Structures are given as C-alpha cells and as structure tokens.
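Printed here is model_10.txt (compact mmCIF, C-alpha atoms):
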```txt
# COMPACT_ATOMS: atom_id res chain seq x y z
CA MET A 1 147.21 132.38 67.94
CA ALA A 2 146.42 130.75 71.30
CA ILE A 3 145.87 134.10 73.01
CA ASP A 4 143.46 133.66 75.93
CA ILE A 5 140.58 135.80 74.64
CA GLU A 6 138.58 135.54 77.88
CA HIS A 7 141.52 137.01 79.83
CA LEU A 8 142.14 139.65 77.16
CA ASN A 9 138.50 140.79 77.34
CA GLN A 10 139.01 141.66 81.03
CA TYR A 11 141.72 144.16 80.10
CA LEU A 12 140.43 145.81 76.96
CA THR A 13 138.00 148.69 77.26
CA PRO A 14 134.95 148.87 75.00
CA ASP A 15 136.80 151.46 72.85
CA GLU A 16 139.81 149.15 72.50
CA LYS A 17 137.60 146.20 71.53
CA ASN A 18 135.78 148.39 69.03
CA TYR A 19 139.10 149.49 67.50
CA LEU A 20 140.13 145.84 67.08
CA ASN A 21 136.77 144.78 65.64
CA THR A 22 136.76 147.69 63.20
CA ASN A 23 140.38 147.56 62.07
CA LEU A 24 141.64 143.99 62.43
CA VAL A 25 139.70 142.50 59.53
CA SER A 26 142.39 140.42 57.79
CA MET A 27 145.98 139.21 58.08
CA GLU A 28 147.03 141.84 55.54
CA VAL A 29 146.04 144.59 58.00
CA LEU A 30 148.87 143.51 60.32
CA ASN A 31 151.32 144.66 57.65
CA SER A 32 149.64 148.02 57.25
CA ASP A 33 148.93 150.91 59.60
CA LEU A 34 147.12 149.06 62.39
CA TYR A 35 149.23 150.38 65.26
CA SER A 36 147.60 152.81 67.69
CA ASN A 37 148.56 154.26 71.05
CA VAL A 38 145.43 156.39 71.32
CA ASN A 39 143.02 153.98 73.01
CA GLY A 40 145.22 152.82 75.90
CA ASP A 41 148.31 150.87 76.94
CA ASN A 42 146.70 147.43 76.82
CA LEU A 43 145.64 147.78 73.19
CA GLU A 44 149.01 149.31 72.31
CA VAL A 45 150.83 146.30 73.81
CA LEU A 46 148.58 143.85 71.96
CA LEU A 47 148.88 145.65 68.62
CA ASN A 48 152.64 145.93 68.95
CA PHE A 49 152.82 142.18 69.57
CA LEU A 50 150.53 141.35 66.62
CA ILE A 51 152.42 143.60 64.20
CA LYS A 52 155.87 142.37 65.27
CA HIS A 53 154.77 138.76 64.78
CA ALA A 54 152.63 139.13 61.67
CA LYS A 55 154.67 136.55 59.74
CA ASP A 56 154.48 134.02 62.57
CA LEU A 57 150.75 134.60 62.95
CA GLU A 58 150.28 134.12 59.23
CA LYS A 59 152.05 130.73 59.46
CA ILE A 60 149.57 129.62 62.13
CA TRP A 61 146.64 131.06 60.20
CA GLU A 62 147.64 129.11 57.09
CA ASP A 63 148.44 125.88 58.97
CA SER A 64 147.14 125.52 62.52
CA SER A 65 149.29 122.41 63.01
CA LYS A 66 152.41 124.62 63.26
CA LYS A 67 152.30 124.53 67.06
CA GLU A 68 156.04 125.15 67.40
CA VAL A 69 155.42 128.77 66.40
CA LEU A 70 153.35 129.23 69.57
CA VAL A 71 156.43 128.86 71.78
CA LYS A 72 158.15 131.59 69.77
CA LEU A 73 155.15 133.85 70.36
CA TYR A 74 154.97 132.95 74.06
CA THR A 75 158.65 133.82 74.59
CA SER A 76 158.58 136.98 72.46
CA ASP A 77 160.75 139.88 73.57
CA THR A 78 157.91 142.22 72.60
CA ILE A 79 155.92 141.00 75.61
CA SER A 80 156.99 143.01 78.59
CA GLY A 81 156.92 141.56 82.09
CA GLU A 82 155.36 144.86 83.10
CA TYR A 83 152.05 144.13 81.35
CA ASP A 84 149.51 141.47 82.19
CA CYS A 85 147.00 142.41 79.51
CA PHE A 86 147.19 139.19 77.57
CA ARG A 87 148.07 135.60 78.21
CA PHE A 88 148.28 132.46 76.16
CA ASP A 89 145.96 129.48 76.40
CA LEU A 90 148.57 126.83 77.10
CA SER A 91 146.08 124.04 76.44
CA LYS A 92 146.67 124.79 72.74
CA PHE A 93 150.43 124.13 72.99
CA GLU A 94 152.03 120.76 72.32
CA GLN A 95 154.00 119.06 75.08
CA THR A 96 157.49 118.85 73.61
CA PHE A 97 159.43 118.42 76.85
CA LYS A 98 160.66 114.86 77.36
CA SER A 99 160.18 113.79 80.97
CA ASP A 100 162.40 111.31 82.78
CA GLY A 101 160.06 111.38 85.78
CA LYS A 102 162.45 113.49 87.85
CA GLN A 103 161.48 116.09 90.41
CA LEU A 104 162.55 119.67 89.60
CA THR A 105 163.08 122.76 91.72
CA LEU A 106 162.08 125.83 89.71
CA TYR A 107 162.07 129.58 90.42
CA ARG A 108 159.85 132.44 89.32
CA ILE A 109 159.70 136.20 89.64
CA GLY A 110 155.98 136.73 89.86
CA ARG A 111 153.74 139.52 88.69
CA VAL A 112 152.81 142.24 91.17
CA ASN A 113 150.17 140.72 93.49
CA GLU A 114 150.81 137.17 92.25
CA SER A 115 150.23 134.62 94.98
CA LYS A 116 150.56 130.89 95.56
CA GLU A 117 146.98 130.58 94.30
CA SER A 118 147.62 132.43 91.02
CA LEU A 119 151.03 131.23 89.85
CA GLY A 120 152.12 131.82 86.28
CA ASN A 121 153.53 129.13 84.01
CA SER A 122 157.01 130.45 83.16
CA TRP A 123 159.74 129.25 85.51
CA SER A 124 163.51 129.19 85.59
CA LYS A 125 165.57 126.06 86.23
CA ASP A 126 168.28 128.00 88.06
CA PHE A 127 169.29 131.29 89.68
CA THR A 128 171.29 132.38 86.63
CA GLY A 129 168.19 132.28 84.44
CA LEU A 130 166.19 134.05 87.13
CA LYS A 131 168.79 136.84 87.33
CA THR A 132 168.76 137.18 83.54
CA TYR A 133 164.98 137.65 83.59
CA ALA A 134 165.30 140.09 86.52
CA GLN A 135 167.35 142.45 84.33
CA PHE A 136 164.23 143.13 82.26
CA VAL A 137 161.90 143.83 85.19
CA SER A 138 161.56 147.22 86.81
CA LYS A 139 160.56 147.59 90.46
CA LEU A 140 161.72 144.10 91.29
CA GLU A 141 161.13 144.70 95.00
CA ASN A 142 157.34 144.83 94.37
CA ARG A 143 157.32 141.36 92.84
CA PRO A 144 157.19 138.08 94.74
CA VAL A 145 159.77 135.38 94.05
CA PHE A 146 158.67 131.75 94.25
CA SER A 147 160.30 128.36 94.41
CA ILE A 148 158.39 125.17 93.58
CA GLU A 149 158.97 121.45 93.51
CA VAL A 150 157.32 119.91 90.48
CA ASN A 151 157.44 116.64 88.59
CA GLU A 152 158.99 116.88 85.11
CA SER A 153 155.74 115.58 83.62
CA GLU A 154 154.21 119.00 84.41
CA VAL A 155 156.62 120.72 81.98
CA LEU A 156 155.03 121.62 78.67
CA CYS A 157 158.09 122.87 76.79
CA GLU A 158 161.32 124.81 77.04
CA GLY A 159 161.31 128.57 76.63
CA LYS A 160 164.15 131.08 76.42
CA ALA A 161 167.51 129.37 76.87
CA GLN A 162 169.19 132.47 78.37
CA GLU A 163 166.55 132.49 81.13
CA SER A 164 166.74 128.69 81.63
CA GLU A 165 162.98 128.87 81.10
CA LEU A 166 160.56 126.00 81.36
CA ILE A 167 156.88 126.53 80.57
CA LEU A 168 154.57 124.48 82.73
CA LYS A 169 151.25 123.01 81.60
CA LYS A 170 147.99 124.85 82.10
CA GLY A 171 146.73 123.98 85.59
CA PHE A 172 150.04 122.35 86.55
CA ALA A 173 150.32 120.52 89.87
CA CYS A 174 153.26 121.09 92.16
CA ASN A 175 154.45 119.26 95.24
CA GLU A 176 155.65 122.27 97.22
CA ILE A 177 155.46 126.05 96.84
CA LYS A 178 157.59 128.58 98.73
CA LEU A 179 157.53 132.34 98.69
CA LEU A 180 161.17 133.36 99.03
CA SER A 181 162.02 135.67 101.90
CA ALA A 182 163.92 138.94 101.48
CA GLU A 183 167.00 137.17 102.91
CA ASN A 184 166.83 134.36 100.35
CA ARG A 185 166.27 136.84 97.56
CA LEU A 186 169.34 138.78 98.63
CA VAL A 187 171.44 135.60 98.61
CA ILE A 188 170.46 134.75 95.03
CA GLY A 189 170.57 138.36 93.85
CA VAL A 190 166.93 139.09 93.00
```

Take the structure in this file and express it as structure tokens.
Amino acid sequence: MAIDIEHLNQYLTPDEKNYLNTNLVSMEVLNSDLYSNVNGDNLEVLLNFLIKHAKDLEKIWEDSSKKEVLVKLYTSDTISGEYDCFRFDLSKFEQTFKSDGKQLTLYRIGRVNESKESLGNSWSKDFTGLKTYAQFVSKLENRPVFSIEVNESEVLCEGKAQESELILKKGFACNEIKLLSAENRLVIGV
C-alpha cells in the first residue's frame, strides 16, 4: 500500500495499534464492519481510507506491480489536509513524469508548523491549482505557503489535475525555497 508505517506508528496509540492488529486480519475484513471511531481520530481517518479504497488495495495486494494505483491512493479525496496521521513512502512509487530538464516554480500550502526543513511532496504548478486546494483547507491563515524552484527531474508524477498537482520525489532537492509573505498570499488569494 506504500503507507509509511514508521510515520504511522508515531500517530497511533497502543489501543489503536491493538485494534488494527486484532481486526485487520485479511483483505475481506475491509469489506466488512472494520470501521471504528471509538479509539481516536487518527485510527478513524486510516480506517476510513482503507475501507473506501478496499478494491484498489486488493489490486495492489494481488499484483504489487500495479504501481499506478498508488497515485490514486495518494491523491484520494478521503485524505483530509487537516490530518497528518499517515503518509506514503514515495520511494515505492514509479517515476512517470517525463522531464525535459526545465526548471519549475511550484507552490504549496503547507501543514500547520511545516517549515523549509520539513516540506511535503505535493505542489501546485500554478496559483489556480493552489486556490483550488485552498478551498478544502480550514484555517488557512495558520498554514504557511511556500514557493520553490526545482528541476523537473525531481518530479515523481502528476497528481490531481484540478489542483495542477505535481508530486515530488522522496528527499527531493530544490534550488530555492521561499516562504510567501502575507502580502504575496493576499495577491494570489490564499
């Protein structure tokens, strides 16, 4: 599934991990009554994601070479920008973006407390895509907005078209990083 288990373990409580270990014993369970909101928000978010994508997960389970399904999971609408409880291990994704060696300027609405040292991998190619993403984020004023200069070779694949999303490689290198000021944010409408 390419979910970063090490990161996930930081967010799940012992009770949540126990619930998963006890109840998630087969792919068939995803189609049954696995959902729970009793043990906490992080487990609820993860279970909702797993249940909504049971068919996609089954495809990967049956044939791990079906890497294109991972992008569908990564860009799932069931993953809220409000939660940081699970991430994907992008080293398990295939690079499908064709690079012409160009330099790109990309934009990102970060997570609360995200910094230049902890940048995420989902970026928008333009302000229109950034504004589209912003519609799904509450408390936008608490989130940093970044601009980066990056070589196209750092792009792993394309994400959601309506957000003009590009997904950068794990550990991507960029040439320049800027934290946009309140003035610049106002100009672009985020």

### Query
If we count only C-alpha atoms, what is near stretch 131-134 of chain A at a cut-off of 8 Å, once residues fewer than 6 positions away on the same chain are taken out, given as a list in words?
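Using only C-alpha atoms, the neighbours found are Ile109, Leu140, Gln162, Glu163, Gly189 and Val190 of chain A.
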
### Query
Which residue, A:Glu68, A:Asp63, A:Glu149, A:Glu176, has the smallest gap to A:Gln95 when you use only C-alpha atoms?
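Using only C-alpha atoms, A:Gln95 sits closest to A:Glu68.
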
### Query
How many Å separate atom CA of A:Gly120 from atom CA of A:Leu43?
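Rounded to one decimal, the two atoms are 21.6 Å apart.
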
### Query
Separation of atom CA of A:Lys139 and atom CA of A:Val112, in Å?
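These atoms are spaced 9.4 Å apart.
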
#### Entry: Nearby residues (all atoms listed in the file) at most 8 Å from A:Lys59, same-chain spacing under 5 positions excluded, as a list of chain:residue names
A:Ser64, A:Lys66, A:Val69

### Task
Return the single residue from A:Ile148, A:Leu186, A:Leu106, A:Leu30 that is closest to A:Gly129, with distances computed using all atoms listed in the file.
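Using all atoms listed in the file, A:Gly129 sits closest to A:Leu106.
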
Dig up all the protein and nucleic acid residues within 12 Å of (148.2, 148.9, 78.9) in the file frame, using all atoms listed in the file, and format them as a PDB file with C-alpha atoms, in the coordinates of the input.
```
ATOM      1  CA  LEU A   8     142.140 139.650  77.160  1.00  0.00           C
ATOM      2  CA  GLN A  10     139.010 141.660  81.030  1.00  0.00           C
ATOM      3  CA  TYR A  11     141.720 144.160  80.100  1.00  0.00           C
ATOM      4  CA  LEU A  12     140.430 145.810  76.960  1.00  0.00           C
ATOM      5  CA  THR A  13     138.000 148.690  77.260  1.00  0.00           C
ATOM      6  CA  GLU A  16     139.810 149.150  72.500  1.00  0.00           C
ATOM      7  CA  SER A  36     147.600 152.810  67.690  1.00  0.00           C
ATOM      8  CA  ASN A  37     148.560 154.260  71.050  1.00  0.00           C
ATOM      9  CA  VAL A  38     145.430 156.390  71.320  1.00  0.00           C
ATOM     10  CA  ASN A  39     143.020 153.980  73.010  1.00  0.00           C
ATOM     11  CA  GLY A  40     145.220 152.820  75.900  1.00  0.00           C
ATOM     12  CA  ASP A  41     148.310 150.870  76.940  1.00  0.00           C
ATOM     13  CA  ASN A  42     146.700 147.430  76.820  1.00  0.00           C
ATOM     14  CA  LEU A  43     145.640 147.780  73.190  1.00  0.00           C
ATOM     15  CA  GLU A  44     149.010 149.310  72.310  1.00  0.00           C
ATOM     16  CA  VAL A  45     150.830 146.300  73.810  1.00  0.00           C
ATOM     17  CA  LEU A  46     148.580 143.850  71.960  1.00  0.00           C
ATOM     18  CA  LEU A  47     148.880 145.650  68.620  1.00  0.00           C
ATOM     19  CA  ASN A  48     152.640 145.930  68.950  1.00  0.00           C
ATOM     20  CA  ILE A  79     155.920 141.000  75.610  1.00  0.00           C
ATOM     21  CA  SER A  80     156.990 143.010  78.590  1.00  0.00           C
ATOM     22  CA  GLY A  81     156.920 141.560  82.090  1.00  0.00           C
ATOM     23  CA  GLU A  82     155.360 144.860  83.100  1.00  0.00           C
ATOM     24  CA  TYR A  83     152.050 144.130  81.350  1.00  0.00           C
ATOM     25  CA  ASP A  84     149.510 141.470  82.190  1.00  0.00           C
ATOM     26  CA  CYS A  85     147.000 142.410  79.510  1.00  0.00           C
ATOM     27  CA  PHE A  86     147.190 139.190  77.570  1.00  0.00           C
TER      28      PHE A  86
END
```

### Task
Have a look at A:Leu156, A:Ile177, A:Ile3, A:Val71 and name the one nearest to A:Asp89; count only C-alpha atoms.
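Checking each of A:Leu156, A:Ile177, A:Ile3, A:Val71 against A:Asp89, counting only C-alpha atoms, the winner is A:Ile3.
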
### Task
Name the residues in contact with A:Leu90 at a cut-off of 10 Å, using all atoms listed in the file, excluding same-chain residues fewer than 5 positions from it; report them as a PyMOL selection string.
chain A and resi 2-4+70-71+74+95+121+156+167-171

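Separating atom CA of A:Lys17 from atom CA of A:Leu57 is a distance of 19.5 Å.
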
#### Entry: Given all atoms listed in the file as the counted atoms, nearest of A:Lys125, A:Lys67, A:Ile188, A:Arg108 to A:Ser91
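Among A:Lys125, A:Lys67, A:Ile188, A:Arg108, it is A:Lys67 that comes nearest to A:Ser91.
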
Reconstruct all heavy atoms of stretch 177-188 of chain A; output as a PDB file, in the frame of the given file.
```pdb
ATOM      1  N   ILE A 177     155.324 124.662  97.282  1.00  0.00           N
ATOM      2  CA  ILE A 177     155.460 126.050  96.840  1.00  0.00           C
ATOM      3  C   ILE A 177     156.038 126.855  98.003  1.00  0.00           C
ATOM      4  O   ILE A 177     155.568 126.742  99.133  1.00  0.00           O
ATOM      5  CB  ILE A 177     154.096 126.690  96.488  1.00  0.00           C
ATOM      6  CG1 ILE A 177     153.321 125.854  95.496  1.00  0.00           C
ATOM      7  CG2 ILE A 177     154.291 128.113  95.990  1.00  0.00           C
ATOM      8  CD1 ILE A 177     151.876 126.312  95.326  1.00  0.00           C
ATOM      9  N   LYS A 178     157.026 127.685  97.708  1.00  0.00           N
ATOM     10  CA  LYS A 178     157.590 128.580  98.730  1.00  0.00           C
ATOM     11  C   LYS A 178     157.661 129.984  98.165  1.00  0.00           C
ATOM     12  O   LYS A 178     158.044 130.184  97.012  1.00  0.00           O
ATOM     13  CB  LYS A 178     159.009 128.149  99.106  1.00  0.00           C
ATOM     14  CG  LYS A 178     159.094 126.840  99.838  1.00  0.00           C
ATOM     15  CD  LYS A 178     160.547 126.534 100.151  1.00  0.00           C
ATOM     16  CE  LYS A 178     160.705 125.141 100.732  1.00  0.00           C
ATOM     17  NZ  LYS A 178     162.114 124.787 100.900  1.00  0.00           N
ATOM     18  N   LEU A 179     157.315 130.934  98.985  1.00  0.00           N
ATOM     19  CA  LEU A 179     157.530 132.340  98.690  1.00  0.00           C
ATOM     20  C   LEU A 179     158.876 132.689  99.314  1.00  0.00           C
ATOM     21  O   LEU A 179     159.055 132.530 100.528  1.00  0.00           O
ATOM     22  CB  LEU A 179     156.410 133.192  99.283  1.00  0.00           C
ATOM     23  CG  LEU A 179     156.482 134.695  99.072  1.00  0.00           C
ATOM     24  CD1 LEU A 179     156.434 135.030  97.580  1.00  0.00           C
ATOM     25  CD2 LEU A 179     155.346 135.384  99.798  1.00  0.00           C
ATOM     26  N   LEU A 180     159.836 133.100  98.506  1.00  0.00           N
ATOM     27  CA  LEU A 180     161.170 133.360  99.030  1.00  0.00           C
ATOM     28  C   LEU A 180     161.196 134.621  99.875  1.00  0.00           C
ATOM     29  O   LEU A 180     160.624 135.651  99.507  1.00  0.00           O
ATOM     30  CB  LEU A 180     162.190 133.455  97.896  1.00  0.00           C
ATOM     31  CG  LEU A 180     162.379 132.203  97.044  1.00  0.00           C
ATOM     32  CD1 LEU A 180     163.494 132.421  96.032  1.00  0.00           C
ATOM     33  CD2 LEU A 180     162.689 130.985  97.896  1.00  0.00           C
ATOM     34  N   SER A 181     161.886 134.535 100.989  1.00  0.00           N
ATOM     35  CA  SER A 181     162.020 135.670 101.900  1.00  0.00           C
ATOM     36  C   SER A 181     162.996 136.687 101.320  1.00  0.00           C
ATOM     37  O   SER A 181     163.753 136.397 100.386  1.00  0.00           O
ATOM     38  CB  SER A 181     162.531 135.186 103.255  1.00  0.00           C
ATOM     39  OG  SER A 181     163.864 134.715 103.115  1.00  0.00           O
ATOM     40  N   ALA A 182     163.001 137.880 101.911  1.00  0.00           N
ATOM     41  CA  ALA A 182     163.920 138.940 101.480  1.00  0.00           C
ATOM     42  C   ALA A 182     165.371 138.463 101.640  1.00  0.00           C
ATOM     43  O   ALA A 182     166.220 138.756 100.789  1.00  0.00           O
ATOM     44  CB  ALA A 182     163.679 140.205 102.294  1.00  0.00           C
ATOM     45  N   GLU A 183     165.651 137.704 102.691  1.00  0.00           N
ATOM     46  CA  GLU A 183     167.000 137.170 102.910  1.00  0.00           C
ATOM     47  C   GLU A 183     167.415 136.236 101.787  1.00  0.00           C
ATOM     48  O   GLU A 183     168.510 136.343 101.255  1.00  0.00           O
ATOM     49  CB  GLU A 183     167.044 136.384 104.229  1.00  0.00           C
ATOM     50  CG  GLU A 183     167.377 137.186 105.438  1.00  0.00           C
ATOM     51  CD  GLU A 183     167.393 136.309 106.692  1.00  0.00           C
ATOM     52  OE1 GLU A 183     167.544 135.075 106.584  1.00  0.00           O
ATOM     53  OE2 GLU A 183     167.243 136.882 107.760  1.00  0.00           O
ATOM     54  N   ASN A 184     166.533 135.308 101.447  1.00  0.00           N
ATOM     55  CA  ASN A 184     166.830 134.360 100.350  1.00  0.00           C
ATOM     56  C   ASN A 184     166.980 135.062  99.031  1.00  0.00           C
ATOM     57  O   ASN A 184     167.841 134.699  98.222  1.00  0.00           O
ATOM     58  CB  ASN A 184     165.755 133.274 100.262  1.00  0.00           C
ATOM     59  CG  ASN A 184     165.802 132.290 101.404  1.00  0.00           C
ATOM     60  OD1 ASN A 184     166.835 132.128 102.037  1.00  0.00           O
ATOM     61  ND2 ASN A 184     164.687 131.662 101.688  1.00  0.00           N
ATOM     62  N   ARG A 185     166.173 136.077  98.805  1.00  0.00           N
ATOM     63  CA  ARG A 185     166.270 136.840  97.560  1.00  0.00           C
ATOM     64  C   ARG A 185     167.607 137.540  97.464  1.00  0.00           C
ATOM     65  O   ARG A 185     168.215 137.613  96.398  1.00  0.00           O
ATOM     66  CB  ARG A 185     165.122 137.839  97.456  1.00  0.00           C
ATOM     67  CG  ARG A 185     163.787 137.202  97.226  1.00  0.00           C
ATOM     68  CD  ARG A 185     162.679 138.204  97.207  1.00  0.00           C
ATOM     69  NE  ARG A 185     162.845 139.105  96.080  1.00  0.00           N
ATOM     70  CZ  ARG A 185     161.857 139.806  95.547  1.00  0.00           C
ATOM     71  NH1 ARG A 185     160.638 139.700  96.037  1.00  0.00           N
ATOM     72  NH2 ARG A 185     162.067 140.604  94.536  1.00  0.00           N
ATOM     73  N   LEU A 186     168.062 138.086  98.584  1.00  0.00           N
ATOM     74  CA  LEU A 186     169.340 138.780  98.630  1.00  0.00           C
ATOM     75  C   LEU A 186     170.480 137.820  98.307  1.00  0.00           C
ATOM     76  O   LEU A 186     171.401 138.161  97.543  1.00  0.00           O
ATOM     77  CB  LEU A 186     169.529 139.418 100.003  1.00  0.00           C
ATOM     78  CG  LEU A 186     170.682 140.396 100.143  1.00  0.00           C
ATOM     79  CD1 LEU A 186     170.556 141.538  99.150  1.00  0.00           C
ATOM     80  CD2 LEU A 186     170.736 140.933 101.564  1.00  0.00           C
ATOM     81  N   VAL A 187     170.410 136.614  98.844  1.00  0.00           N
ATOM     82  CA  VAL A 187     171.440 135.600  98.610  1.00  0.00           C
ATOM     83  C   VAL A 187     171.549 135.258  97.124  1.00  0.00           C
ATOM     84  O   VAL A 187     172.644 135.134  96.588  1.00  0.00           O
ATOM     85  CB  VAL A 187     171.164 134.326  99.441  1.00  0.00           C
ATOM     86  CG1 VAL A 187     172.062 133.180  99.013  1.00  0.00           C
ATOM     87  CG2 VAL A 187     171.344 134.615 100.928  1.00  0.00           C
ATOM     88  N   ILE A 188     170.398 135.121  96.437  1.00  0.00           N
ATOM     89  CA  ILE A 188     170.460 134.750  95.030  1.00  0.00           C
ATOM     90  C   ILE A 188     170.532 135.956  94.097  1.00  0.00           C
ATOM     91  O   ILE A 188     170.723 135.809  92.898  1.00  0.00           O
ATOM     92  CB  ILE A 188     169.263 133.841  94.622  1.00  0.00           C
ATOM     93  CG1 ILE A 188     167.930 134.539  94.848  1.00  0.00           C
ATOM     94  CG2 ILE A 188     169.325 132.531  95.341  1.00  0.00           C
ATOM     95  CD1 ILE A 188     166.740 133.740  94.353  1.00  0.00           C
TER      96      ILE A 188
END
```
